[in-house]
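Structure data (JSON, C-alpha atoms and all ligand atoms) from protein_12.json:
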[["chain", "number", "residue", "atom", "x", "y", "z"],
["R", 277, "MET", "CA", -10.37, 15.01, 16.41],
["R", 278, "VAL", "CA", -10.44, 15.28, 12.61],
["R", 279, "LEU", "CA", -10.58, 18.90, 11.50],
["R", 280, "GLN", "CA", -12.90, 19.92, 8.68],
["R", 281, "ARG", "CA", -10.75, 22.78, 7.46],
["R", 282, "ILE", "CA", -7.23, 24.16, 7.83],
["R", 283, "PHE", "CA", -6.74, 25.78, 11.21],
["R", 284, "ARG", "CA", -3.78, 28.05, 11.94],
["R", 285, "ALA", "CA", -2.92, 29.02, 15.48],
["R", 286, "VAL", "CA", -0.17, 30.68, 17.48],
["R", 287, "ILE", "CA", 0.56, 30.10, 21.15],
["R", 288, "MET", "CA", 2.12, 32.94, 23.14],
["R", 289, "GLY", "CA", 3.22, 33.59, 26.69],
["R", 290, "PRO", "CA", 6.37, 34.51, 28.58],
["R", 291, "PRO", "CA", 9.27, 32.05, 28.73],
["R", 292, "GLY", "CA", 8.32, 29.12, 30.91],
["R", 293, "SER", "CA", 4.60, 29.86, 30.79],
["R", 294, "GLY", "CA", 3.93, 26.30, 29.64],
["R", 295, "LYS", "CA", 3.79, 26.91, 25.88],
["R", 296, "GLY", "CA", 5.71, 23.71, 25.14],
["R", 297, "THR", "CA", 3.55, 21.56, 27.41],
["R", 298, "VAL", "CA", 0.25, 23.05, 26.25],
["R", 299, "SER", "CA", 1.38, 22.86, 22.60],
["R", 300, "ALA", "CA", 2.11, 19.16, 22.95],
["R", 301, "ARG", "CA", -1.37, 18.59, 24.39],
["R", 302, "ILE", "CA", -3.05, 20.66, 21.67],
["R", 303, "THR", "CA", -1.22, 18.94, 18.83],
["R", 304, "LYS", "CA", -2.01, 15.52, 20.31],
["R", 305, "THR", "CA", -5.70, 16.27, 20.95],
["R", 306, "PHE", "CA", -6.46, 18.17, 17.77],
["R", 307, "GLY", "CA", -3.93, 16.72, 15.34],
["R", 308, "LEU", "CA", -2.19, 19.97, 14.41],
["R", 309, "GLN", "CA", 1.43, 20.17, 13.29],
["R", 310, "HIS", "CA", 3.66, 21.78, 15.91],
["R", 311, "ILE", "CA", 6.37, 24.27, 15.05],
["R", 312, "SER", "CA", 8.57, 25.66, 17.81],
["R", 313, "SER", "CA", 11.02, 28.44, 16.99],
["R", 314, "GLY", "CA", 13.15, 27.59, 20.03],
["R", 315, "ASP", "CA", 13.30, 23.90, 19.06],
["R", 316, "ILE", "CA", 14.33, 24.83, 15.52],
["R", 317, "LEU", "CA", 17.12, 27.06, 16.85],
["R", 318, "ARG", "CA", 18.31, 24.45, 19.36],
["R", 319, "ALA", "CA", 18.31, 21.79, 16.63],
["R", 320, "ASN", "CA", 20.58, 24.08, 14.60],
["R", 321, "ILE", "CA", 22.88, 24.58, 17.57],
["R", 322, "ASN", "CA", 23.00, 20.85, 18.24],
["R", 323, "ALA", "CA", 23.79, 20.05, 14.64],
["R", 324, "GLN", "CA", 26.40, 22.85, 14.68],
["R", 325, "THR", "CA", 25.01, 24.46, 11.54],
["R", 326, "GLU", "CA", 26.48, 27.80, 10.55],
["R", 327, "LEU", "CA", 23.27, 29.50, 11.60],
["R", 328, "GLY", "CA", 23.17, 27.64, 14.93],
["R", 329, "LEU", "CA", 26.74, 28.65, 15.74],
["R", 330, "LEU", "CA", 26.01, 32.28, 14.85],
["R", 331, "MET", "CA", 22.88, 32.41, 17.01],
["R", 332, "LYS", "CA", 24.05, 30.48, 20.06],
["R", 333, "SER", "CA", 25.56, 33.39, 21.95],
["R", 334, "SER", "CA", 22.47, 35.63, 21.64],
["R", 335, "ILE", "CA", 20.26, 32.77, 22.75],
["R", 336, "ASP", "CA", 22.48, 31.93, 25.71],
["R", 337, "GLN", "CA", 22.40, 35.60, 26.70],
["R", 338, "GLY", "CA", 18.61, 35.68, 26.59],
["R", 339, "GLN", "CA", 18.43, 37.99, 23.57],
["R", 340, "LEU", "CA", 16.20, 37.52, 20.56],
["R", 341, "VAL", "CA", 17.78, 36.45, 17.28],
["R", 342, "PRO", "CA", 17.32, 38.90, 14.38],
["R", 343, "ASP", "CA", 13.82, 39.14, 12.90],
["R", 344, "ASP", "CA", 14.85, 38.35, 9.33],
["R", 345, "VAL", "CA", 16.73, 35.20, 10.34],
["R", 346, "MET", "CA", 13.83, 33.93, 12.43],
["R", 347, "SER", "CA", 11.13, 34.82, 9.91],
["R", 348, "ARG", "CA", 12.99, 33.07, 7.10],
["R", 349, "LEU", "CA", 13.45, 29.89, 9.16],
["R", 350, "ILE", "CA", 9.80, 29.70, 10.17],
["R", 351, "MET", "CA", 8.43, 30.59, 6.73],
["R", 352, "LYS", "CA", 10.48, 27.80, 5.19],
["R", 353, "ASP", "CA", 8.86, 25.27, 7.55],
["R", 354, "LEU", "CA", 5.38, 26.71, 7.03],
["R", 355, "ARG", "CA", 5.67, 26.51, 3.27],
["R", 356, "ALA", "CA", 6.46, 22.82, 3.62],
["R", 357, "MET", "CA", 3.10, 22.27, 5.35],
["R", 358, "ASP", "CA", 0.85, 24.49, 3.29],
["R", 359, "GLN", "CA", -2.10, 22.12, 3.43],
["R", 360, "SER", "CA", -1.84, 21.30, 7.13],
["R", 361, "SER", "CA", -3.29, 22.80, 10.25],
["R", 362, "TRP", "CA", -0.58, 24.10, 12.52],
["R", 363, "LEU", "CA", 0.29, 25.64, 15.84],
["R", 364, "ILE", "CA", 3.37, 27.86, 16.13],
["R", 365, "ASP", "CA", 5.07, 28.22, 19.49],
["R", 366, "GLY", "CA", 7.65, 30.99, 20.04],
["R", 367, "PHE", "CA", 6.93, 32.92, 16.86],
["R", 368, "PRO", "CA", 6.02, 35.73, 16.24],
["R", 369, "ARG", "CA", 7.86, 37.41, 19.09],
["R", 370, "THR", "CA", 8.10, 40.93, 17.69],
["R", 371, "VAL", "CA", 5.60, 43.07, 15.79],
["R", 372, "SER", "CA", 7.81, 42.85, 12.70],
["R", 373, "GLN", "CA", 7.64, 39.02, 12.87],
["R", 374, "SER", "CA", 3.85, 39.11, 13.22],
["R", 375, "GLU", "CA", 3.64, 41.29, 10.11],
["R", 376, "ALA", "CA", 5.85, 38.83, 8.21],
["R", 377, "LEU", "CA", 3.53, 35.99, 9.24],
["R", 378, "ASP", "CA", 0.44, 38.01, 8.38],
["R", 379, "ASN", "CA", 1.70, 38.67, 4.89],
["R", 380, "ALA", "CA", 1.73, 34.94, 4.19],
["R", 381, "TYR", "CA", -1.05, 33.42, 6.31],
["R", 382, "SER", "CA", -4.04, 34.55, 8.30],
["R", 383, "VAL", "CA", -3.96, 33.30, 11.86],
["R", 384, "ASP", "CA", -7.29, 31.98, 13.20],
["R", 385, "THR", "CA", -6.51, 32.08, 16.90],
["R", 386, "VAL", "CA", -3.76, 33.26, 19.23],
["R", 387, "ILE", "CA", -3.71, 31.44, 22.55],
["R", 388, "ASN", "CA", -2.06, 33.60, 25.17],
["R", 389, "LEU", "CA", -0.85, 31.97, 28.39],
["R", 390, "ASN", "CA", -0.79, 34.65, 31.05],
["R", 391, "VAL", "CA", 1.36, 33.41, 33.93],
["R", 392, "PRO", "CA", 2.83, 35.71, 36.61],
["R", 393, "PHE", "CA", 6.57, 36.39, 36.29],
["R", 394, "GLN", "CA", 7.17, 35.28, 39.89],
["R", 395, "THR", "CA", 5.83, 31.79, 39.09],
["R", 396, "ILE", "CA", 7.99, 31.62, 35.98],
["R", 397, "LYS", "CA", 11.27, 32.45, 37.69],
["R", 398, "GLN", "CA", 10.79, 29.55, 40.11],
["R", 399, "ARG", "CA", 9.70, 27.23, 37.35],
["R", 400, "LEU", "CA", 12.47, 27.65, 34.81],
["R", 401, "THR", "CA", 15.21, 26.68, 37.18],
["R", 402, "SER", "CA", 13.47, 23.35, 37.93],
["R", 403, "ARG", "CA", 12.86, 22.55, 34.25],
["R", 404, "TRP", "CA", 14.47, 19.66, 32.39],
["R", 405, "THR", "CA", 14.36, 19.32, 28.62],
["R", 406, "HIS", "CA", 14.73, 16.50, 26.11],
["R", 407, "LEU", "CA", 16.60, 18.51, 23.51],
["R", 408, "PRO", "CA", 15.95, 16.39, 20.38],
["R", 409, "SER", "CA", 12.14, 16.54, 20.77],
["R", 410, "GLY", "CA", 11.70, 19.70, 22.85],
["R", 411, "ARG", "CA", 9.70, 17.74, 25.45],
["R", 412, "VAL", "CA", 9.85, 19.50, 28.80],
["R", 413, "TYR", "CA", 9.46, 18.22, 32.35],
["R", 414, "ASN", "CA", 9.32, 19.96, 35.66],
["R", 415, "VAL", "CA", 10.51, 18.22, 38.79],
["R", 416, "ASP", "CA", 7.69, 19.85, 40.77],
["R", 417, "PHE", "CA", 4.56, 19.38, 38.70],
["R", 418, "ASN", "CA", 5.32, 17.34, 35.59],
["R", 419, "PRO", "CA", 8.17, 14.95, 36.43],
["R", 420, "PRO", "CA", 9.46, 12.30, 34.02],
["R", 421, "LYS", "CA", 8.61, 8.68, 34.90],
["R", 422, "VAL", "CA", 12.29, 7.99, 35.55],
["R", 423, "SER", "CA", 14.17, 10.92, 37.05],
["R", 424, "GLY", "CA", 16.57, 12.48, 34.53],
["R", 425, "PHE", "CA", 15.32, 10.56, 31.47],
["R", 426, "ASP", "CA", 12.82, 11.22, 28.68],
["R", 427, "ASP", "CA", 9.56, 9.20, 28.95],
["R", 428, "VAL", "CA", 9.39, 8.40, 25.23],
["R", 429, "THR", "CA", 12.98, 7.68, 24.18],
["R", 430, "GLY", "CA", 14.67, 6.98, 27.53],
["R", 431, "GLU", "CA", 17.38, 9.46, 26.55],
["R", 432, "PRO", "CA", 18.90, 11.80, 29.15],
["R", 433, "LEU", "CA", 17.31, 15.16, 29.99],
["R", 434, "VAL", "CA", 19.35, 18.35, 30.27],
["R", 435, "GLN", "CA", 18.92, 21.83, 31.72],
["R", 436, "ARG", "CA", 18.96, 24.43, 28.94],
["R", 437, "ASP", "CA", 21.95, 26.79, 28.89],
["R", 438, "ASP", "CA", 19.53, 29.74, 28.97],
["R", 439, "ASP", "CA", 17.55, 28.52, 32.01],
["R", 440, "THR", "CA", 19.89, 30.22, 34.51],
["R", 441, "PRO", "CA", 18.47, 32.93, 36.82],
["R", 442, "ASP", "CA", 20.27, 35.86, 35.11],
["R", 443, "THR", "CA", 19.34, 34.77, 31.61],
["R", 444, "VAL", "CA", 15.77, 34.09, 32.66],
["R", 445, "MET", "CA", 15.55, 37.72, 33.84],
["R", 446, "ARG", "CA", 16.86, 38.95, 30.50],
["R", 447, "ARG", "CA", 14.39, 36.74, 28.61],
["R", 448, "LEU", "CA", 11.52, 38.14, 30.68],
["R", 449, "LYS", "CA", 12.69, 41.69, 29.91],
["R", 450, "ALA", "CA", 12.89, 40.89, 26.18],
["R", 451, "TYR", "CA", 9.38, 39.48, 26.44],
["R", 452, "GLN", "CA", 8.04, 42.65, 28.07],
["R", 453, "THR", "CA", 9.62, 45.10, 25.68],
["R", 454, "GLN", "CA", 9.51, 43.19, 22.37],
["R", 455, "THR", "CA", 6.76, 40.57, 22.63],
["R", 456, "GLU", "CA", 3.99, 42.20, 24.68],
["R", 457, "PRO", "CA", 3.27, 44.62, 21.77],
["R", 458, "VAL", "CA", 2.48, 41.53, 19.66],
["R", 459, "LEU", "CA", -0.37, 40.73, 22.06],
["R", 460, "GLU", "CA", -1.83, 44.16, 21.36],
["R", 461, "TYR", "CA", -1.42, 43.54, 17.64],
["R", 462, "TYR", "CA", -3.50, 40.36, 17.80],
["R", 463, "ARG", "CA", -5.99, 41.81, 20.29],
["R", 464, "SER", "CA", -6.76, 44.58, 17.83],
["R", 465, "LYS", "CA", -7.35, 41.94, 15.14],
["R", 466, "GLY", "CA", -9.83, 40.20, 17.46],
["R", 467, "VAL", "CA", -8.07, 36.82, 17.51],
["R", 468, "LEU", "CA", -6.42, 36.93, 20.94],
["R", 469, "GLU", "CA", -7.67, 34.50, 23.59],
["R", 470, "THR", "CA", -6.03, 34.85, 27.02],
["R", 471, "PHE", "CA", -5.82, 32.10, 29.66],
["R", 472, "SER", "CA", -4.53, 33.12, 33.07],
["R", 473, "GLY", "CA", -3.23, 30.99, 35.92],
["R", 474, "THR", "CA", -0.21, 29.68, 37.74],
["R", 475, "GLU", "CA", -0.54, 25.97, 36.92],
["R", 476, "THR", "CA", -0.45, 24.44, 33.46],
["R", 477, "ASN", "CA", -2.68, 21.56, 34.55],
["R", 478, "LYS", "CA", -5.37, 24.04, 35.59],
["R", 479, "ILE", "CA", -5.04, 26.22, 32.49],
["R", 480, "TRP", "CA", -5.14, 23.30, 30.05],
["R", 481, "PRO", "CA", -8.85, 22.29, 30.49],
["R", 482, "HIS", "CA", -9.87, 25.85, 29.58],
["R", 483, "VAL", "CA", -7.68, 25.84, 26.48],
["R", 484, "GLU", "CA", -9.04, 22.44, 25.47],
["R", 485, "ALA", "CA", -12.67, 23.52, 25.99],
["R", 486, "PHE", "CA", -12.08, 26.69, 24.00],
["R", 487, "LEU", "CA", -10.56, 24.80, 21.06],
["R", 488, "LEU", "CA", -13.30, 22.16, 21.16],
["R", 489, "ARG", "CA", -15.87, 24.93, 20.81],
["R", 490, "LYS", "CA", -13.86, 26.69, 18.16],
["R", 491, "LEU", "CA", -13.20, 23.57, 16.12],
["R", 492, "SER", "CA", -16.51, 21.73, 16.48],
["R", 493, "PRO", "CA", -17.96, 20.88, 13.04],
["R", 494, "ALA", "CA", -21.11, 22.95, 13.65],
["R", 495, "LYS", "CA", -19.02, 26.07, 14.27],
["R", 496, "GLN", "CA", -16.90, 25.43, 11.22],
["R", 497, "ASN", "CA", -19.90, 25.41, 8.88],
["R", 498, "VAL", "CA", -20.86, 28.85, 10.07],
["R", 499, "ALA", "CA", -17.44, 30.32, 9.33],
["K", 1, "LIG", "P1", 10.01, 28.44, 26.64],
["K", 1, "LIG", "O1", 11.03, 27.39, 26.40],
["K", 1, "LIG", "O2", 9.35, 28.31, 27.94],
["K", 1, "LIG", "O3", 9.09, 28.54, 25.47],
["K", 1, "LIG", "P2", 11.20, 30.73, 25.64],
["K", 1, "LIG", "O4", 9.94, 31.15, 24.97],
["K", 1, "LIG", "O5", 12.10, 31.80, 26.18],
["K", 1, "LIG", "O6", 10.83, 29.79, 26.79],
["K", 1, "LIG", "P3", 12.20, 29.41, 23.30],
["K", 1, "LIG", "O7", 10.96, 29.76, 22.58],
["K", 1, "LIG", "O8", 12.66, 28.02, 23.30],
["K", 1, "LIG", "O9", 12.15, 29.82, 24.82],
["K", 1, "LIG", "O10", 13.35, 30.38, 22.75],
["K", 1, "LIG", "C1", 14.66, 30.32, 23.25],
["K", 1, "LIG", "C2", 15.48, 31.44, 22.67],
["K", 1, "LIG", "O11", 15.50, 31.33, 21.23],
["K", 1, "LIG", "C3", 14.92, 32.84, 22.92],
["K", 1, "LIG", "O12", 15.34, 33.36, 24.17],
["K", 1, "LIG", "C4", 15.53, 33.61, 21.74],
["K", 1, "LIG", "O13", 16.89, 33.88, 21.95],
["K", 1, "LIG", "C5", 15.43, 32.62, 20.62],
["K", 1, "LIG", "N1", 14.15, 32.73, 19.90],
["K", 1, "LIG", "C6", 13.14, 31.82, 19.87],
["K", 1, "LIG", "N2", 12.12, 32.24, 19.12],
["K", 1, "LIG", "C7", 12.48, 33.46, 18.64],
["K", 1, "LIG", "C8", 11.84, 34.42, 17.81],
["K", 1, "LIG", "N3", 10.62, 34.23, 17.31],
["K", 1, "LIG", "N4", 12.52, 35.56, 17.54],
["K", 1, "LIG", "C9", 13.75, 35.78, 18.02],
["K", 1, "LIG", "N5", 14.39, 34.93, 18.81],
["K", 1, "LIG", "C10", 13.78, 33.76, 19.14],
["K", 2, "MG", "MG", 9.45, 26.58, 24.32]]
How would this structure read if it were set down as structure tokens?
Amino acid sequence: MVLQRIFRAVIMGPPGSGKGTVSARITKTFGLQHISSGDILRANINAQTELGLLMKSSIDQGQLVPDDVMSRLIMKDLRAMDQSSWLIDGFPRTVSQSEALDNAYSVDTVINLNVPFQTIKQRLTSRWTHLPSGRVYNVDFNPPKVSGFDDVTGEPLVQRDDDTPDTVMRRLKAYQTQTEPVLEYYRSKGVLETFSGTETNKIWPHVEAFLLRKLSPAKQNVA
């Protein structure tokens, strides 16, 4: 789909709610640029940058990295794609981050994936990731074509250091205390759109239909 105007969206949801998978489908279907805060941080860790080394222990412990560090990283990437439509995954994750984003750009839509915590705990421990691209697979419902290897590059998949049961619990806690208030922030601005379910493949058609309606040329002329 070719968009008629710049469209800026955020995707939210607890860890393991399918943000990565749904983001990949959205960016493919609608041609948006994808920015993932977690992928940016993991790329820094992989490349052993100073910042990556500094942040690794908080990430492995399931804690958020400091707001100013994260906001600066994301803003740098956003400035580089000023004239593009984008979808951010994993940012903002605190009210302070959402204010930083708001000061620079107005967000058209926030897609919120509402998946029960019980489902998530089971899911994260059966998740495999292709670190360089951020592509994720799940042995139960979204397996790679060849077990243990990325579909696109054929490179090996790994389990993330922070996908252990204890760390998953801490990430869910951080989500409840620090990120849920961001949902309220966007709800009060009237841009929050919530999709509930336990299976990504069942949630996706609703997200797709919503964005098709939202982005259809007729709608855009009205706005
Ligand atoms: P999922 O991989 O399912 O999206 P997640 O949302 O917990 O789960 P990432 O978004 O990849 O995972 O983030 C991994 C870790 O990186 C977080 O636990 C946190 O430590 C750090 N992180 C990512 N985004 C932010 C952010 N916006 N603010 C602070 N820390 C962040
Ligand atoms: Mg992710």
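In this model, the gap between atom CA of R:Val422 and atom CA of R:Pro481 comes to 26.0 Å.
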### Query
So, counting all atoms listed in the file, which residue among R:Asp416, R:Glu375, R:Glu431, R:Asp438 is closest to ligand LIG 1 (chain K)?
R:Asp438
Ligand LIG 1 (chain K): axis-aligned bounding box, 3 Å on each side, centre and edge lengths in Å, one decimal, as JSON:
{"center_x": 13.0, "center_y": 31.6, "center_z": 22.6, "size_x": 13.8, "size_y": 14.4, "size_z": 16.6}
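Each of R:Ile364, R:Ile479, R:Ile321, R:Leu491 was compared to ligand MG 2 (chain K) using all atoms listed in the file, and R:Ile364 turns out to be the nearest.
With distances restricted to all atoms listed in the file, R:Gly338 is the closest residue to R:Ala450 from R:Gly410, R:Pro493, R:Gly296, R:Gly338.
Proximity of R:His406, R:Gln454, R:Thr305, R:Thr443 to R:Asp343, computed with all atoms listed in the file, is greatest for R:Gln454.
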### Query
What is the atom CA of R:Val278 to atom CA of R:Trp480 distance in Å?
19.9 Å
### Task
Using only C-alpha atoms, find all polymer residues with an atom at most 10 Å away from the point (-6.8, 36.5, 21.4); report them as a ChimeraX atom specification.
/R:286-288,384-388,459-471
Show me which residues line ligand LIG 1 (chain K), defined as having an atom within 8 Å of a ligand atom where all atoms listed in the file count, and present them as a short mmCIF file (atom, residue, chain, number, x, y, z; two decimals) with C-alpha atoms, keeping the file's coordinate frame.
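File written: result31.cif
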data_model
loop_
_atom_site.label_atom_id
_atom_site.label_comp_id
_atom_site.auth_asym_id
_atom_site.auth_seq_id
_atom_site.Cartn_x
_atom_site.Cartn_y
_atom_site.Cartn_z
CA GLY R 289 3.22 33.59 26.69
CA PRO R 290 6.37 34.51 28.58
CA PRO R 291 9.27 32.05 28.73
CA GLY R 292 8.32 29.12 30.91
CA SER R 293 4.60 29.86 30.79
CA GLY R 294 3.93 26.30 29.64
CA LYS R 295 3.79 26.91 25.88
CA GLY R 296 5.71 23.71 25.14
CA SER R 312 8.57 25.66 17.81
CA SER R 313 11.02 28.44 16.99
CA GLY R 314 13.15 27.59 20.03
CA ASP R 315 13.30 23.90 19.06
CA LEU R 317 17.12 27.06 16.85
CA ARG R 318 18.31 24.45 19.36
CA MET R 331 22.88 32.41 17.01
CA SER R 334 22.47 35.63 21.64
CA ILE R 335 20.26 32.77 22.75
CA ASP R 336 22.48 31.93 25.71
CA GLN R 337 22.40 35.60 26.70
CA GLY R 338 18.61 35.68 26.59
CA GLN R 339 18.43 37.99 23.57
CA LEU R 340 16.20 37.52 20.56
CA VAL R 341 17.78 36.45 17.28
CA PRO R 342 17.32 38.90 14.38
CA ASP R 343 13.82 39.14 12.90
CA MET R 346 13.83 33.93 12.43
CA SER R 347 11.13 34.82 9.91
CA ASP R 365 5.07 28.22 19.49
CA GLY R 366 7.65 30.99 20.04
CA PHE R 367 6.93 32.92 16.86
CA PRO R 368 6.02 35.73 16.24
CA ARG R 369 7.86 37.41 19.09
CA THR R 370 8.10 40.93 17.69
CA GLN R 373 7.64 39.02 12.87
CA LEU R 400 12.47 27.65 34.81
CA ASP R 438 19.53 29.74 28.97
CA VAL R 444 15.77 34.09 32.66
CA ARG R 447 14.39 36.74 28.61
CA LEU R 448 11.52 38.14 30.68
#
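Using only C-alpha atoms for every distance, the candidate list R:Ile350, R:Ile396, R:Leu407, R:Val345 yields R:Ile350 as the residue closest to R:Ala380.
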### Task
Go through R:His310, R:Lys421, R:Lys304, R:Arg348 and flag the residue nearest ligand MG 2 (chain K), using only C-alpha atoms and all ligand atoms for the distances.
R:His310
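What separates atom CA of R:Val458 from atom CA of R:Arg446 is a distance of 18.2 Å.
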### Task
Enumerate, as an NGL selection string, the protein, DNA and RNA residues whose atoms approach (-11.0, 23.6, 8.4) to within 9 Å, taking into account only C-alpha atoms and the coordinate frame of the file.
:R and (279-283 or 361 or 491 or 493 or 496)
Test item: write stretch 477-489 of chain R with N, CA and C atoms as a tab-separated table (two decimals), in the first residue's frame:
chain	number	residue	atom	x	y	z
R	477	ASN	N	-1.76	-14.67	15.57
R	477	ASN	CA	-2.39	-14.89	14.27
R	477	ASN	C	-3.87	-14.53	14.28
R	478	LYS	N	-4.49	-14.50	15.45
R	478	LYS	CA	-5.90	-14.09	15.53
R	478	LYS	C	-6.03	-12.59	15.75
R	479	ILE	N	-5.03	-11.99	16.38
R	479	ILE	CA	-5.06	-10.54	16.61
R	479	ILE	C	-4.75	-9.79	15.31
R	480	TRP	N	-3.81	-10.34	14.54
R	480	TRP	CA	-3.31	-9.64	13.36
R	480	TRP	C	-4.40	-9.17	12.37
R	481	PRO	N	-5.39	-10.03	11.99
R	481	PRO	CA	-6.39	-9.55	11.02
R	481	PRO	C	-7.13	-8.30	11.51
R	482	HIS	N	-7.32	-8.18	12.82
R	482	HIS	CA	-8.01	-7.00	13.35
R	482	HIS	C	-7.13	-5.75	13.23
R	483	VAL	N	-5.83	-5.94	13.49
R	483	VAL	CA	-4.90	-4.82	13.37
R	483	VAL	C	-4.83	-4.38	11.91
R	484	GLU	N	-4.75	-5.37	11.02
R	484	GLU	CA	-4.65	-5.07	9.59
R	484	GLU	C	-5.90	-4.32	9.11
R	485	ALA	N	-7.08	-4.81	9.52
R	485	ALA	CA	-8.33	-4.18	9.09
R	485	ALA	C	-8.40	-2.75	9.62
R	486	PHE	N	-8.00	-2.58	10.86
R	486	PHE	CA	-8.01	-1.23	11.45
R	486	PHE	C	-7.11	-0.28	10.65
R	487	LEU	N	-5.90	-0.73	10.34
R	487	LEU	CA	-4.97	0.15	9.63
R	487	LEU	C	-5.42	0.41	8.20
R	488	LEU	N	-6.05	-0.60	7.58
R	488	LEU	CA	-6.57	-0.39	6.23
R	488	LEU	C	-7.62	0.72	6.23
R	489	ARG	N	-8.49	0.66	7.25
R	489	ARG	CA	-9.52	1.71	7.37
R	489	ARG	C	-8.88	3.07	7.62
